[in-house]
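Structure data follow from run-v3.txt (compact mmCIF, C-alpha atoms and all ligand atoms):
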# COMPACT_ATOMS: atom_id res chain seq x y z
CA MET A 1 142.25 198.53 111.60
CA SER A 2 141.77 196.80 108.22
CA ALA A 3 138.65 194.90 107.21
CA PRO A 4 138.71 191.25 108.30
CA PHE A 5 139.52 188.30 106.03
CA ARG A 6 136.13 186.75 105.29
CA VAL A 7 135.62 183.01 104.85
CA ALA A 8 132.42 181.50 103.37
CA LEU A 9 131.28 177.94 104.05
CA SER A 10 129.11 176.43 101.30
CA GLY A 11 125.45 176.11 102.29
CA ASP A 12 125.56 172.31 102.37
CA PHE A 13 127.65 172.43 105.57
CA ARG A 14 124.47 173.41 107.46
CA LYS A 15 121.14 171.63 108.02
CA ALA A 16 117.82 173.37 107.42
CA ASP A 17 117.57 174.05 111.18
CA GLY A 18 120.93 175.86 111.08
CA SER A 19 122.94 173.18 112.89
CA PRO A 20 126.15 171.89 111.29
CA VAL A 21 125.87 168.79 109.07
CA TYR A 22 129.28 167.59 110.28
CA PRO A 23 129.90 168.66 113.88
CA ASP A 24 133.37 167.03 113.77
CA PHE A 25 134.46 169.88 111.49
CA ASP A 26 135.93 172.12 114.21
CA LEU A 27 135.38 175.79 113.38
CA GLU A 28 137.03 177.00 116.59
CA PRO A 29 140.40 177.82 114.93
CA LEU A 30 138.52 180.13 112.51
CA ARG A 31 136.60 181.68 115.38
CA GLN A 32 139.83 182.26 117.33
CA ALA A 33 141.93 183.61 114.46
CA ALA A 34 142.60 187.34 114.55
CA ASN A 35 140.97 189.43 111.82
CA VAL A 36 138.94 186.52 110.44
CA GLU A 37 135.17 186.26 110.06
CA PHE A 38 133.22 183.37 108.64
CA ALA A 39 129.64 182.80 107.52
CA TYR A 40 127.55 180.07 105.91
CA LEU A 41 126.16 180.71 102.43
CA GLU A 42 122.56 180.00 101.56
CA PRO A 43 122.46 176.51 99.99
CA ARG A 44 122.70 177.10 96.24
CA ASN A 45 124.15 174.57 93.84
CA PRO A 46 126.23 175.65 91.99
CA VAL A 47 127.45 178.39 94.32
CA GLU A 48 126.41 181.77 92.87
CA ALA A 49 128.79 184.67 92.27
CA ASP A 50 126.63 187.19 94.14
CA GLN A 51 126.87 185.08 97.28
CA LEU A 52 130.65 185.46 97.23
CA ALA A 53 131.00 189.20 96.59
CA ASP A 54 132.17 189.85 100.18
CA PHE A 55 134.41 186.84 100.74
CA ASP A 56 138.14 186.18 100.39
CA ALA A 57 137.90 182.39 100.80
CA LEU A 58 135.37 179.61 100.27
CA ILE A 59 135.36 176.22 102.03
CA LEU A 60 133.38 174.01 99.68
CA LEU A 61 131.59 170.76 100.50
CA ALA A 62 129.67 169.07 97.65
CA HIS A 63 128.17 172.05 95.84
CA ARG A 64 129.58 172.86 92.42
CA PHE A 65 131.84 175.83 91.76
CA THR A 66 131.69 176.87 88.10
CA LYS A 67 133.04 179.80 86.08
CA ASP A 68 129.75 181.56 86.88
CA SER A 69 130.43 181.22 90.62
CA ILE A 70 133.31 183.71 90.30
CA HIS A 71 132.37 187.30 91.16
CA PRO A 72 133.86 189.89 88.78
CA ASN A 73 135.14 192.00 91.72
CA GLY A 74 138.11 189.59 91.94
CA ARG A 75 138.01 189.34 95.74
CA LEU A 76 137.91 185.56 96.19
CA ALA A 77 141.45 184.17 96.58
CA VAL A 78 141.00 180.53 97.50
CA VAL A 79 138.49 177.68 97.17
CA ALA A 80 139.24 174.92 99.68
CA ARG A 81 137.50 171.64 98.82
CA PHE A 82 136.51 169.49 101.78
CA GLY A 83 138.09 166.26 100.41
CA VAL A 84 140.34 165.37 97.50
CA GLY A 85 137.91 165.02 94.55
CA TYR A 86 137.50 168.24 92.59
CA ASP A 87 135.37 167.20 89.61
CA THR A 88 132.78 169.68 91.02
CA VAL A 89 135.13 172.64 90.48
CA ASP A 90 136.05 174.42 87.23
CA VAL A 91 139.80 174.41 87.78
CA GLU A 92 140.72 176.39 84.66
CA ALA A 93 138.27 179.15 85.53
CA CYS A 94 139.84 179.32 89.01
CA THR A 95 143.34 179.64 87.58
CA ARG A 96 142.24 182.32 85.11
CA ALA A 97 140.76 184.30 88.01
CA GLY A 98 143.86 183.85 90.20
CA ILE A 99 141.98 181.60 92.66
CA ALA A 100 143.92 178.74 94.29
CA LEU A 101 142.09 175.41 94.55
CA VAL A 102 143.03 173.53 97.73
CA ILE A 103 142.27 169.85 98.48
CA THR A 104 142.75 167.83 101.68
CA PRO A 105 144.71 164.61 101.03
CA ASP A 106 145.96 164.65 104.63
CA GLY A 107 142.36 164.25 105.81
CA THR A 108 141.34 161.44 103.44
CA ARG A 109 144.54 159.37 103.08
CA ARG A 110 144.12 157.13 106.12
CA PRO A 111 140.27 156.92 106.18
CA VAL A 112 139.97 155.84 102.52
CA ALA A 113 142.87 153.39 102.80
CA VAL A 114 141.11 151.90 105.85
CA SER A 115 137.88 151.64 103.79
CA ILE A 116 139.67 149.67 101.07
CA ASN A 117 141.02 147.30 103.69
CA THR A 118 137.59 147.04 105.28
CA PHE A 119 136.26 145.74 101.94
CA ASN A 120 139.36 143.61 101.46
CA LEU A 121 138.96 141.84 104.82
CA ALA A 122 135.16 141.63 104.63
CA LEU A 123 135.27 140.07 101.15
CA ALA A 124 138.10 137.68 102.05
CA GLY A 125 136.26 136.56 105.19
CA ARG A 126 132.82 136.46 103.45
CA LEU A 127 131.60 138.60 106.31
CA MET A 128 128.25 139.65 104.84
CA VAL A 129 127.23 136.07 103.93
CA LYS A 130 128.21 134.83 107.38
CA ASP A 131 126.22 137.61 108.99
CA ARG A 132 123.14 136.41 107.06
CA LEU A 133 123.79 132.75 107.90
CA THR A 134 123.93 133.51 111.60
CA ARG A 135 120.59 135.29 111.49
CA GLU A 136 119.05 132.08 110.03
CA GLY A 137 119.93 130.11 113.20
CA ALA A 138 120.45 126.34 112.84
CA ALA A 139 119.69 126.36 109.09
CA GLY A 140 122.44 128.91 108.51
CA PHE A 141 124.96 127.18 110.75
CA THR A 142 124.65 123.90 108.82
CA ARG A 143 125.61 125.74 105.58
CA ARG A 144 128.62 127.65 106.94
CA GLY A 145 131.14 125.20 105.42
CA GLU A 146 129.93 126.22 101.94
CA TYR A 147 131.34 129.71 102.41
CA MET A 148 135.06 129.26 102.85
CA GLY A 149 137.02 132.50 103.00
CA LEU A 150 140.27 133.39 101.27
CA GLY A 151 143.43 133.54 103.39
CA LEU A 152 145.58 136.55 102.60
CA VAL A 153 149.16 135.35 103.09
CA GLY A 154 150.93 135.24 99.73
CA ARG A 155 147.81 136.42 97.89
CA THR A 156 148.16 139.40 95.54
CA LEU A 157 146.75 142.84 96.15
CA GLY A 158 146.84 145.03 93.04
CA SER A 159 146.10 148.74 92.94
CA ILE A 160 145.25 150.91 89.97
CA GLY A 161 147.00 154.05 91.21
CA ILE A 162 149.69 154.42 93.87
CA GLY A 163 149.20 158.02 94.97
CA ASN A 164 148.13 159.41 98.33
CA ILE A 165 145.55 156.67 99.08
CA GLY A 166 147.06 153.78 97.08
CA ALA A 167 150.39 154.13 98.90
CA GLU A 168 148.66 154.27 102.30
CA LEU A 169 146.69 151.12 101.43
CA PHE A 170 150.00 149.29 100.90
CA ARG A 171 151.45 150.69 104.15
CA LEU A 172 148.45 149.45 106.15
CA ILE A 173 148.26 145.97 104.60
CA LYS A 174 151.95 145.21 105.23
CA PRO A 175 151.46 142.85 108.26
CA PHE A 176 149.08 140.66 106.22
CA GLU A 177 152.02 139.42 104.12
CA MET A 178 150.36 139.82 100.73
CA ARG A 179 152.18 140.31 97.42
CA LEU A 180 151.78 143.92 96.40
CA ILE A 181 151.54 145.14 92.80
CA ALA A 182 150.34 148.38 91.22
CA HIS A 183 149.82 150.04 87.88
CA ASP A 184 150.26 153.81 87.70
CA PRO A 185 151.71 155.56 84.63
CA TYR A 186 152.89 158.44 86.85
CA ALA A 187 154.11 156.33 89.78
CA ASP A 188 156.94 157.41 92.04
CA ALA A 189 159.17 154.36 91.46
CA LYS A 190 161.29 155.10 94.56
CA LEU A 191 158.21 155.19 96.80
CA ALA A 192 156.89 151.96 95.26
CA ALA A 193 160.23 150.25 95.92
CA GLU A 194 160.25 151.51 99.52
CA LEU A 195 156.76 150.08 100.04
CA GLY A 196 157.71 146.74 98.51
CA VAL A 197 155.29 147.26 95.61
CA GLU A 198 156.07 145.89 92.15
CA LEU A 199 155.00 148.26 89.38
CA VAL A 200 153.38 146.33 86.53
CA GLY A 201 151.44 146.91 83.32
CA LEU A 202 147.71 147.59 83.52
CA GLU A 203 146.63 144.18 82.26
CA ASP A 204 148.97 142.40 84.69
CA VAL A 205 147.10 143.94 87.63
CA PHE A 206 143.94 142.22 86.40
CA ARG A 207 145.61 138.94 85.53
CA ARG A 208 147.66 138.54 88.70
CA SER A 209 145.60 140.06 91.52
CA ASP A 210 143.35 138.31 94.02
CA PHE A 211 142.08 141.78 94.96
CA VAL A 212 142.07 144.66 92.48
CA SER A 213 141.56 148.05 94.13
CA VAL A 214 140.89 151.27 92.21
CA SER A 215 142.62 154.41 93.55
CA CYS A 216 143.13 156.62 90.50
CA PRO A 217 141.19 159.80 89.71
CA LEU A 218 138.33 159.94 87.25
CA THR A 219 139.69 161.56 84.07
CA PRO A 220 138.84 161.15 80.36
CA GLU A 221 141.69 158.60 80.33
CA THR A 222 140.34 156.52 83.24
CA ARG A 223 136.59 156.60 82.40
CA HIS A 224 135.57 152.93 81.93
CA LEU A 225 139.22 151.92 82.40
CA LEU A 226 137.71 148.76 83.91
CA ASN A 227 135.72 147.52 80.91
CA ALA A 228 134.44 144.06 79.93
CA ASP A 229 137.78 143.08 78.34
CA ARG A 230 139.82 143.94 81.42
CA LEU A 231 137.33 142.39 83.84
CA ALA A 232 137.59 139.23 81.72
CA LEU A 233 141.30 139.06 82.58
CA MET A 234 140.53 138.68 86.32
CA LYS A 235 140.64 135.31 88.06
CA PRO A 236 137.22 133.79 88.89
CA THR A 237 138.32 133.84 92.56
CA ALA A 238 139.30 137.53 92.50
CA TYR A 239 137.52 140.51 94.02
CA LEU A 240 137.21 144.09 92.76
CA ILE A 241 137.19 147.04 95.18
CA ASN A 242 136.29 150.54 94.01
CA THR A 243 136.45 153.45 96.44
CA SER A 244 137.53 155.97 93.82
CA ARG A 245 134.83 157.08 91.36
CA GLY A 246 131.99 155.00 89.88
CA PRO A 247 132.49 155.83 86.18
CA ILE A 248 136.04 154.39 86.21
CA VAL A 249 134.24 151.01 86.06
CA ASP A 250 131.83 150.06 83.28
CA GLN A 251 129.06 149.07 85.69
CA LYS A 252 127.03 147.11 83.15
CA ALA A 253 130.08 144.97 82.36
CA LEU A 254 130.81 144.55 86.08
CA THR A 255 127.21 143.53 86.82
CA LYS A 256 127.46 140.88 84.11
CA ALA A 257 130.81 139.57 85.40
CA LEU A 258 129.47 139.38 88.96
CA LYS A 259 126.22 137.72 87.88
CA GLU A 260 128.04 135.12 85.81
CA ARG A 261 130.58 134.68 88.64
CA SER A 262 133.46 135.26 86.24
CA ILE A 263 134.83 137.18 89.24
CA ALA A 264 134.08 136.27 92.87
CA GLY A 265 132.68 139.54 94.11
CA ALA A 266 133.14 143.23 94.69
CA GLY A 267 133.24 145.95 97.34
CA LEU A 268 131.85 149.20 95.97
CA ASP A 269 131.80 152.53 97.75
CA VAL A 270 131.05 154.30 94.48
CA LEU A 271 128.67 153.65 91.59
CA GLU A 272 128.22 155.10 88.11
CA LYS A 273 125.00 156.77 89.21
CA GLU A 274 124.75 158.06 92.78
CA PRO A 275 122.40 157.50 94.39
CA PRO A 276 121.60 154.39 92.30
CA ASP A 277 118.07 153.56 91.12
CA VAL A 278 116.65 151.06 93.60
CA ASP A 279 115.94 148.63 90.75
CA ASP A 280 119.51 148.79 89.43
CA PRO A 281 120.39 145.10 88.85
CA ILE A 282 123.75 145.43 90.61
CA LEU A 283 121.93 146.06 93.92
CA LYS A 284 120.29 142.63 93.67
CA LEU A 285 123.57 140.69 93.62
CA ASP A 286 124.61 138.83 96.77
CA ASN A 287 128.34 138.82 95.97
CA VAL A 288 128.74 142.59 96.35
CA ILE A 289 129.17 144.73 99.47
CA PHE A 290 128.06 148.32 99.00
CA ALA A 291 128.58 151.60 100.79
CA PRO A 292 126.87 154.87 99.83
CA HIS A 293 130.08 156.77 98.93
CA ALA A 294 130.64 157.15 102.66
CA LEU A 295 132.69 154.21 103.92
CA CYS A 296 135.54 156.55 104.82
CA TRP A 297 133.26 158.95 106.68
CA THR A 298 134.48 158.94 110.23
CA ASP A 299 134.82 161.59 112.92
CA GLN A 300 138.57 161.66 112.21
CA CYS A 301 138.12 161.99 108.44
CA PHE A 302 135.83 164.99 108.81
CA ALA A 303 137.96 166.57 111.52
CA GLY A 304 141.04 166.02 109.33
CA ASN A 305 139.49 167.54 106.19
CA GLY A 306 138.20 170.51 108.17
CA ALA A 307 141.54 171.13 109.89
CA ALA A 308 143.38 171.00 106.55
CA ASP A 309 140.95 173.48 104.93
CA VAL A 310 141.11 175.88 107.87
CA ARG A 311 144.92 175.71 107.84
CA ALA A 312 144.92 176.47 104.10
CA VAL A 313 142.63 179.51 104.29
CA LEU A 314 144.57 180.88 107.28
CA ASP A 315 147.79 180.40 105.30
CA VAL A 316 146.32 182.56 102.54
CA GLN A 317 145.17 185.18 105.05
CA ARG A 318 148.75 185.40 106.32
CA GLY A 319 150.08 185.80 102.79
CA ARG A 320 151.48 182.27 102.48
CA GLU A 321 150.94 179.70 99.73
CA PRO A 322 148.76 176.85 101.02
CA ARG A 323 150.52 173.48 100.85
CA VAL A 324 148.21 171.30 98.72
CA VAL A 325 147.04 173.28 95.71
CA VAL A 326 145.69 171.57 92.57
CA ASN A 327 146.34 174.47 90.15
CA ARG A 328 149.86 175.40 91.20
CA ASP A 329 150.26 177.50 88.03
CA VAL A 330 148.03 180.04 89.80
CA PHE A 331 151.11 180.97 91.86
CA GLU A 332 152.63 182.47 88.69
CA THR A 333 149.71 184.84 88.04
CA ALA A 334 150.09 188.51 88.94
CA VAL A 335 146.63 188.65 90.48
CA TRP A 336 147.49 185.85 92.95
CA ARG A 337 150.90 187.30 93.83
CA ASN A 338 149.43 190.77 94.43
CA ARG A 339 146.72 189.34 96.64
CA LEU A 340 149.22 187.48 98.81
CA LEU A 341 151.33 190.61 99.19
CA GLU A 342 148.26 192.58 100.19
CA PHE A 343 147.17 189.94 102.75
CA ARG A 344 150.69 189.86 104.18
CA LYS A 345 150.63 193.64 104.61
CA ARG A 346 147.14 193.68 106.10
CA PHE A 347 147.35 190.73 108.47
CA THR A 348 150.94 189.99 109.47
CA VAL A 349 152.54 193.16 110.67
N1 LIG A 401 135.24 157.20 98.26
C1 LIG A 401 135.59 158.35 98.77
O1 LIG A 401 134.94 158.88 99.67
C2 LIG A 401 136.84 159.03 98.30
C3 LIG A 401 137.51 159.90 99.16
C4 LIG A 401 138.69 160.48 98.71
C5 LIG A 401 139.17 160.20 97.43
N2 LIG A 401 138.48 159.38 96.60
C6 LIG A 401 138.97 159.09 95.25
O2 LIG A 401 140.25 158.51 95.34
C7 LIG A 401 141.04 158.99 94.26
C8 LIG A 401 142.50 158.87 94.61
O3 LIG A 401 142.80 159.79 95.64
P1 LIG A 401 144.31 160.12 96.03
O4 LIG A 401 144.24 161.10 97.15
O5 LIG A 401 145.07 158.88 96.18
O6 LIG A 401 144.79 160.88 94.70
P2 LIG A 401 146.27 161.02 94.16
O7 LIG A 401 146.21 162.04 93.07
O8 LIG A 401 147.25 161.23 95.27
O9 LIG A 401 146.59 159.59 93.52
C9 LIG A 401 146.00 159.14 92.35
C10 LIG A 401 147.02 158.29 91.63
O10 LIG A 401 146.39 157.79 90.44
C11 LIG A 401 147.38 157.81 89.43
N3 LIG A 401 146.80 157.75 88.10
C12 LIG A 401 146.39 158.75 87.28
N4 LIG A 401 145.96 158.25 86.11
C13 LIG A 401 146.09 156.90 86.18
C14 LIG A 401 145.82 155.83 85.29
N5 LIG A 401 145.36 156.07 84.07
N6 LIG A 401 146.05 154.57 85.70
C15 LIG A 401 146.55 154.32 86.93
N7 LIG A 401 146.84 155.29 87.82
C16 LIG A 401 146.61 156.57 87.46
C17 LIG A 401 148.15 159.09 89.68
O11 LIG A 401 149.42 159.04 89.05
C18 LIG A 401 148.27 159.09 91.19
O12 LIG A 401 149.44 158.46 91.64
C19 LIG A 401 140.54 160.42 94.06
O13 LIG A 401 140.76 160.85 92.74
C20 LIG A 401 139.07 160.34 94.39
O14 LIG A 401 138.36 160.11 93.21
C21 LIG A 401 137.32 158.79 97.02
Just dump the structure as structure tokens.
Amino acid sequence: MSAPFRVALSGDFRKADGSPVYPDFDLEPLRQAANVEFAYLEPRNPVEADQLADFDALILLAHRFTKDSIHPNGRLAVVARFGVGYDTVDVEACTRAGIALVITPDGTRRPVAVSINTFNLALAGRLMVKDRLTREGAAGFTRRGEYMGLGLVGRTLGSIGIGNIGAELFRLIKPFEMRLIAHDPYADAKLAAELGVELVGLEDVFRRSDFVSVSCPLTPETRHLLNADRLALMKPTAYLINTSRGPIVDQKALTKALKERSIAGAGLDVLEKEPPDVDDPILKLDNVIFAPHALCWTDQCFAGNGAADVRAVLDVQRGREPRVVVNRDVFETAVWRNRLLEFRKRFTV
């Protein structure tokens, strides 16, 4: 009988007392799979190469995976990120070493799109202000007419990015009868048309939208994409929602715009610095709703990410290409192809 396929879970999946940080991540399919073993790593950030010498796969939460995390014995075949962001992983080093990098868009698509709509509806309805008014009793009730919400019918929702999450946002908002526009230089025009989304230039999203939502990745091209000039194009009644990555927005410029009320408000799941300093001026503003990069964290999100990662590592064990791989050019490398052949021989006869 051949040695089992060994799967490591990064140390941040486990609390100091040994219990799982996210119990909704169901490890049973790994436990049940034939010829598979798994173990938690000690929490080291970045993950260290020596920790991985005896593993074929790594399921990675938030710890970094750098070129120095790769053991020279060439055993590791796949890194499966728990989520869709992979700025914590050195992708080129993975490709050079014949390691596939998996992400889990199936797990995050619906939960993040729901988060954007949560902000959308809460901002439109002035939910947080009305919560505070109610707690003030009679004094609050007498002021409720000062906080009129924004009806959504015919209003414009604009997205920067219409990928996995951006498209789902548009699917979910359909019954609210908003106008839908998006800017995405790599958009699938057929999908946009099917969703009833008009593709427009970047500046038009800012000019025309009542809600601008950010759903593009953080890249050198998108860093500070939302700068003072672009924020200045937004209507004074418009809201900004960012659930993508903090540095896509120039936070100083946004703080100024919010303070001067040149835009109405914002819903921010992400900030340029996380966690923020408690005296960061943006935290003092009453026209912003915040979440600590966790608005999409639900039982179903974590179960979905876990299931997708487990499926991907079991695909590799059975000698199959996992479905959602960031560095698909790895499939062309001899080291990857030989590994898959070997896994197929060892585990699928
Ligand atoms: N807040 C959270 O917890 C959380 C969770 C998951 C994902 N995210 C963020 O959401 C982002 C989007 O996720 P996704 O699954 O939709 O990714 P995706 O790759 O499917 O979609 C991103 C879209 O952005 C587009 N894009 C790239 N550059 C652009 C640019 N310069 N301008 C406009 N659009 C551009 C791409 O063409 C693509 O269509 C991720 O990169 C991640 O940063 C956040």
Open item on the list: Which residues are close to Arg144 of chain A, i.e. within 9 Å by only C-alpha atoms, leaving aside same-chain residues fewer than 4 positions away? Reply as a PyMOL selection string.
Closed with: chain A and resi 130+133-134+140+148
When the cut-off is 8 Å and you count only C-alpha atoms and all ligand atoms, which residues lie near ligand LIG 401 (chain A), shown as a PDB file with C-alpha atoms, keeping the file's coordinate frame?
ATOM      1  CA  GLY A  83     138.090 166.260 100.410  1.00  0.00           C
ATOM      2  CA  VAL A  84     140.340 165.370  97.500  1.00  0.00           C
ATOM      3  CA  GLY A  85     137.910 165.020  94.550  1.00  0.00           C
ATOM      4  CA  PRO A 105     144.710 164.610 101.030  1.00  0.00           C
ATOM      5  CA  THR A 108     141.340 161.440 103.440  1.00  0.00           C
ATOM      6  CA  ARG A 109     144.540 159.370 103.080  1.00  0.00           C
ATOM      7  CA  VAL A 112     139.970 155.840 102.520  1.00  0.00           C
ATOM      8  CA  ILE A 160     145.250 150.910  89.970  1.00  0.00           C
ATOM      9  CA  GLY A 161     147.000 154.050  91.210  1.00  0.00           C
ATOM     10  CA  ILE A 162     149.690 154.420  93.870  1.00  0.00           C
ATOM     11  CA  GLY A 163     149.200 158.020  94.970  1.00  0.00           C
ATOM     12  CA  ASN A 164     148.130 159.410  98.330  1.00  0.00           C
ATOM     13  CA  ILE A 165     145.550 156.670  99.080  1.00  0.00           C
ATOM     14  CA  GLY A 166     147.060 153.780  97.080  1.00  0.00           C
ATOM     15  CA  ALA A 167     150.390 154.130  98.900  1.00  0.00           C
ATOM     16  CA  HIS A 183     149.820 150.040  87.880  1.00  0.00           C
ATOM     17  CA  ASP A 184     150.260 153.810  87.700  1.00  0.00           C
ATOM     18  CA  PRO A 185     151.710 155.560  84.630  1.00  0.00           C
ATOM     19  CA  TYR A 186     152.890 158.440  86.850  1.00  0.00           C
ATOM     20  CA  ALA A 187     154.110 156.330  89.780  1.00  0.00           C
ATOM     21  CA  ASP A 188     156.940 157.410  92.040  1.00  0.00           C
ATOM     22  CA  LEU A 202     147.710 147.590  83.520  1.00  0.00           C
ATOM     23  CA  VAL A 214     140.890 151.270  92.210  1.00  0.00           C
ATOM     24  CA  SER A 215     142.620 154.410  93.550  1.00  0.00           C
ATOM     25  CA  CYS A 216     143.130 156.620  90.500  1.00  0.00           C
ATOM     26  CA  PRO A 217     141.190 159.800  89.710  1.00  0.00           C
ATOM     27  CA  LEU A 218     138.330 159.940  87.250  1.00  0.00           C
ATOM     28  CA  THR A 219     139.690 161.560  84.070  1.00  0.00           C
ATOM     29  CA  GLU A 221     141.690 158.600  80.330  1.00  0.00           C
ATOM     30  CA  THR A 222     140.340 156.520  83.240  1.00  0.00           C
ATOM     31  CA  LEU A 225     139.220 151.920  82.400  1.00  0.00           C
ATOM     32  CA  ASN A 242     136.290 150.540  94.010  1.00  0.00           C
ATOM     33  CA  THR A 243     136.450 153.450  96.440  1.00  0.00           C
ATOM     34  CA  SER A 244     137.530 155.970  93.820  1.00  0.00           C
ATOM     35  CA  ARG A 245     134.830 157.080  91.360  1.00  0.00           C
ATOM     36  CA  ASP A 269     131.800 152.530  97.750  1.00  0.00           C
ATOM     37  CA  VAL A 270     131.050 154.300  94.480  1.00  0.00           C
ATOM     38  CA  HIS A 293     130.080 156.770  98.930  1.00  0.00           C
ATOM     39  CA  ALA A 294     130.640 157.150 102.660  1.00  0.00           C
ATOM     40  CA  LEU A 295     132.690 154.210 103.920  1.00  0.00           C
ATOM     41  CA  CYS A 296     135.540 156.550 104.820  1.00  0.00           C
ATOM     42  CA  TRP A 297     133.260 158.950 106.680  1.00  0.00           C
TER      43      TRP A 297
END
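Here atom CA of Phe170 of chain A stands at a distance of 22.0 Å from atom CA of Phe290 of chain A.
Here atom CA of Tyr239 of chain A stands at a distance of 8.3 Å from atom CA of Asn120 of chain A.
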- [ ] May I have the residues within 8 Å of Ala39 of chain A as a list in words, using all atoms listed in the file and disregarding those fewer than 2 positions away in the same chain?
- [x] Arg6, Val7, Ala8, Leu9, Glu37 and Leu41 of chain A
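If you look at atom CA of Val91 of chain A and atom CA of Arg223 of chain A, they are 18.9 Å away from each other.
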Task: Selected residue of minimal separation from Met178 of chain A among A:Pro236, A:Gly154, A:Pro281, A:Gly201, counting all atoms listed in the file - done: A:Gly154
- [ ] Determine the nearest neighbour of Phe38 of chain A from the options A:Ser10, A:Asn117, A:Ser19, A:Ser69, counting only C-alpha atoms.
- [x] A:Ser10
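Around Leu231 of chain A, within 9 Å and counting all atoms listed in the file, the residues found are Phe206, Leu226, Asn227, Ala228, Asp229, Leu233, Met234, Lys235, Ala253, Leu254, Ala257, Ser262 and Ile263 of chain A, once anything fewer than 2 positions away on its own chain is removed.
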Proximity check segment 73-117 of chain A to segment 328-348 of chain A, 7 Å, nearest pairs one decimal Å, all atoms listed in the file, as a Markdown table:
| residue | atom | partner | partner_atom | distance |
| --- | --- | --- | --- | --- |
| A:Thr95 | CA | A:Val330 | CA | 5.2 |
| A:Gly98 | CA | A:Trp336 | CA | 5.0 |
| A:Ile99 | CA | A:Val330 | CA | 6.9 |
| A:Ala100 | CA | A:Val330 | CA | 6.2 |
Residue subset to file, keeping C-alpha atoms, as an mmCIF file, keeping the file's coordinate frame:
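As a result, part-v4.cif now contains:
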data_model
loop_
_atom_site.group_PDB
_atom_site.id
_atom_site.type_symbol
_atom_site.label_atom_id
_atom_site.label_comp_id
_atom_site.auth_asym_id
_atom_site.auth_seq_id
_atom_site.Cartn_x
_atom_site.Cartn_y
_atom_site.Cartn_z
ATOM 1 C CA THR A 95 143.340 179.640 87.580
ATOM 2 C CA GLY A 98 143.860 183.850 90.200
ATOM 3 C CA ILE A 99 141.980 181.600 92.660
ATOM 4 C CA ALA A 100 143.920 178.740 94.290
#
Open item on the list: With only C-alpha atoms as the counted atoms, please give the residues lying no more than 7 Å from Gly265 of chain A, apart from itself and same-chain residues fewer than 3 positions off, as number ranges by chain.
Closed with: A: 239-240, 258, 287-288
- [ ] Compile the contact shell of Phe141 of chain A as number ranges by chain: residues with an atom at most 12 Å away, counting all atoms listed in the file, same-chain residues fewer than 4 positions apart removed.
- [x] A: 129-137, 145-147
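Look at everything within 10 Å of (123.9, 178.4, 97.0) using all atoms listed in the file, and the residues you get are Ser10, Gly11, Asp12, Tyr40, Leu41, Glu42, Pro43, Arg44, Asn45, Pro46, Val47, Glu48, Ala49, Asp50, Gln51, Leu52, His63, Arg64, Phe65 and Ser69 of chain A.
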Please, what is the axis-aligned box for every listed atom of segment 197-202 of chain A with 8 Å on each side, as centre and edge lengths in Å to one decimal, as JSON?
{"center_x": 151.9, "center_y": 147.1, "center_z": 89.5, "size_x": 24.4, "size_y": 18.4, "size_z": 28.3}
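Candidate residues A:Val21, A:Val197, A:Ala93, A:Ala303 were compared for distance to Thr66 of chain A, and the nearest is A:Ala93, using only C-alpha atoms.
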Open item on the list: Here is a test: counting all atoms listed in the file, which residue of A:Gly304, A:Ala312, A:Val114, A:Lys252 is nearest to Leu283 of chain A?
Closed with: A:Lys252
